[in-house]
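Have a look at the structure below, then the notes.
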Amino acid sequence: MEKVIKFKCWIEEDRERFYGPGPNELLKGILSLGSLSKAAGQMNMSYKKAWDIIQRLNNHCEQPLVVMKKGGQDGGGAEVTNHGLKVIEEYESLQKKINELVGKHHELTKILR
């Protein structure tokens with residue numbers, strides 16, 4: 001059985017997780033689907049939980065990461081802002097660098113056989 005080193009990165013605010021893999025995946029889902037409801041469903045997450053995550057992100061960031069569009073004849077939706085796109089890009093860049101660094105220490109997995 002192959003051993004692999006894994007590492008997750010998140011950002012904390014006041015000792016609570018603020019941004020990490022889950023919120024990042026939610027933003028990417030909104031980006032691809034144009035809907036908070038669909039993105040939440042894709043993650044098997046309730047709409048309420050997804051809404052709360054987006055509200056927390058928007059309220060604690062200098063600029064909103066997601067803007068909501070009211071429903072109507074054309075339906076509602078959600079849109080990731082340019083600021084949100086930058087957050088996704090920077091988070092994924094950091095995660096990639098961390099994974100590359102962790103991957104360089106594969107010798108540890110050999111020692112643990």
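Every chain in the structure tokens has a letter given in the order shown (A, B, ...), and although residue numbers restart at 1 in each chain, ligands are simply numbered from 1 in the order shown.
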>> I want to know what sits within 12 Å of Lys70 in chain A, based on only C-alpha atoms, with residues of the same chain fewer than 5 positions away left out; could you give that as JSON, numbers by chain?
In response: {"A": [35, 36, 75, 76, 77, 78, 79]}
>> Among chain A, which ones does DSSP assign to alpha helix (DSSP H) (computed from the backbone)? Answer as a ChimeraX atom specification.
In response: /A:21-33,36-42,47-60,82-103,107-111
> A:Pro21, A:Ser32, A:Lys69, A:His105: which is nearest Lys8 in chain A, counting only C-alpha atoms?
Replying inline: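 Smallest distance to Lys8 in chain A is found for A:Pro21.
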> Contacts of Asn24 in chain A at 10 Å or less, counting only C-alpha atoms, minus same-chain residues fewer than 3 places along, as a list in words?
Replying inline: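 These residues fall inside the cut-off: Trp10, Tyr19, Gly20, Pro21, Leu27, Lys28, Gly29, Ile30, Gly84, Val87, Ile88, Glu89, Tyr91 and Glu92 of chain A.
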> Using only C-alpha atoms, which residues sit within 6 Å of range 47-62 of chain A once same-chain residues fewer than 3 positions away are excluded, as a PyMOL selection string?
Replying inline: chain A and resi 37+40+65
Got time to write the residues from that selection, C-alpha atoms, as a short mmCIF file (atom, residue, chain, number, x, y, z; two decimals), in the first residue's frame?
```cif
data_model
loop_
_atom_site.label_atom_id
_atom_site.label_comp_id
_atom_site.auth_asym_id
_atom_site.auth_seq_id
_atom_site.Cartn_x
_atom_site.Cartn_y
_atom_site.Cartn_z
CA SER A 37 -28.27 26.47 -5.05
CA ALA A 40 -24.49 23.68 -2.90
CA LEU A 65 -16.56 37.53 -3.39
#
```
> For the atom pair CA of Met45 in chain A and CA of Ile11 in chain A, what is the interatomic distance in Å to one decimal place?
Replying inline: 20.8 Å
>> So the first atom is CA of Asn82 in chain A and the second is CA of Met68 in chain A; what is the distance between them in Å, to one decimal place?
In response: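 Taking CA of Asn82 in chain A and CA of Met68 in chain A, their separation equals 14.0 Å.
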> chain A: which residues are strand (DSSP E) by DSSP, as a list in words?
Replying inline: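 For chain A, the strand (DSSP E) set is Ile11, Glu12, Glu13, Glu16, Arg17, Phe18, Tyr19, Val66, Val67, Met68, Lys69, Gly77, Ala78, Glu79 and Val80 of chain A.
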Selected residues, N, CA and C atoms, written as a PDB file, in the first residue's frame, please.
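The result, stored in selection-v3.pdb:
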```
ATOM      1  N   ILE A  11      -7.367  29.369   6.012  1.00  0.00           N
ATOM      2  CA  ILE A  11      -7.117  30.663   6.632  1.00  0.00           C
ATOM      3  C   ILE A  11      -8.054  30.775   7.825  1.00  0.00           C
ATOM      4  N   GLU A  12      -7.525  31.216   8.941  1.00  0.00           N
ATOM      5  CA  GLU A  12      -8.329  31.394  10.145  1.00  0.00           C
ATOM      6  C   GLU A  12      -8.487  32.872  10.460  1.00  0.00           C
ATOM      7  N   GLU A  13      -9.613  33.179  11.074  1.00  0.00           N
ATOM      8  CA  GLU A  13      -9.863  34.513  11.595  1.00  0.00           C
ATOM      9  C   GLU A  13     -10.414  34.325  13.004  1.00  0.00           C
ATOM     10  N   GLU A  16     -11.006  30.725  14.116  1.00  0.00           N
ATOM     11  CA  GLU A  16     -12.016  29.926  13.413  1.00  0.00           C
ATOM     12  C   GLU A  16     -11.660  29.870  11.937  1.00  0.00           C
ATOM     13  N   ARG A  17     -11.899  28.701  11.349  1.00  0.00           N
ATOM     14  CA  ARG A  17     -11.633  28.568   9.913  1.00  0.00           C
ATOM     15  C   ARG A  17     -12.496  29.555   9.149  1.00  0.00           C
ATOM     16  N   PHE A  18     -11.837  30.252   8.263  1.00  0.00           N
ATOM     17  CA  PHE A  18     -12.515  31.290   7.496  1.00  0.00           C
ATOM     18  C   PHE A  18     -12.588  30.912   6.014  1.00  0.00           C
ATOM     19  N   TYR A  19     -11.477  30.431   5.475  1.00  0.00           N
ATOM     20  CA  TYR A  19     -11.432  30.066   4.060  1.00  0.00           C
ATOM     21  C   TYR A  19     -10.515  28.864   3.911  1.00  0.00           C
ATOM     22  N   VAL A  66     -18.894  37.149  -3.895  1.00  0.00           N
ATOM     23  CA  VAL A  66     -20.039  36.677  -4.676  1.00  0.00           C
ATOM     24  C   VAL A  66     -21.139  37.723  -4.599  1.00  0.00           C
ATOM     25  N   VAL A  67     -21.783  37.973  -5.727  1.00  0.00           N
ATOM     26  CA  VAL A  67     -22.976  38.823  -5.738  1.00  0.00           C
ATOM     27  C   VAL A  67     -24.157  37.952  -6.142  1.00  0.00           C
ATOM     28  N   MET A  68     -25.271  38.171  -5.455  1.00  0.00           N
ATOM     29  CA  MET A  68     -26.483  37.405  -5.717  1.00  0.00           C
ATOM     30  C   MET A  68     -27.394  38.222  -6.616  1.00  0.00           C
ATOM     31  N   LYS A  69     -28.039  37.533  -7.552  1.00  0.00           N
ATOM     32  CA  LYS A  69     -29.001  38.173  -8.444  1.00  0.00           C
ATOM     33  C   LYS A  69     -30.389  37.712  -8.029  1.00  0.00           C
ATOM     34  N   GLY A  77     -29.640  33.929  -9.525  1.00  0.00           N
ATOM     35  CA  GLY A  77     -28.329  33.357  -9.768  1.00  0.00           C
ATOM     36  C   GLY A  77     -27.305  33.974  -8.847  1.00  0.00           C
ATOM     37  N   ALA A  78     -26.093  33.565  -9.028  1.00  0.00           N
ATOM     38  CA  ALA A  78     -24.983  34.084  -8.243  1.00  0.00           C
ATOM     39  C   ALA A  78     -23.790  34.234  -9.170  1.00  0.00           C
ATOM     40  N   GLU A  79     -22.978  35.216  -8.870  1.00  0.00           N
ATOM     41  CA  GLU A  79     -21.809  35.476  -9.711  1.00  0.00           C
ATOM     42  C   GLU A  79     -20.592  35.728  -8.829  1.00  0.00           C
ATOM     43  N   VAL A  80     -19.503  35.054  -9.140  1.00  0.00           N
ATOM     44  CA  VAL A  80     -18.240  35.287  -8.442  1.00  0.00           C
ATOM     45  C   VAL A  80     -17.643  36.573  -9.002  1.00  0.00           C
TER      46      VAL A  80
END
```
>> So that I can check the surroundings of range 107-109 of chain A, please list as a ChimeraX atom specification every protein, DNA and RNA residue that reaches within 8 Å of it, counting only C-alpha atoms and ignoring chain neighbours fewer than 4 positions away.
In response: /A:3-5,113
> Which value, in Å to one decimal, gives the distance between CA of Arg15 in chain A and CA of Leu31 in chain A?
Replying inline: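 CA of Arg15 in chain A sits 28.2 Å away from CA of Leu31 in chain A.
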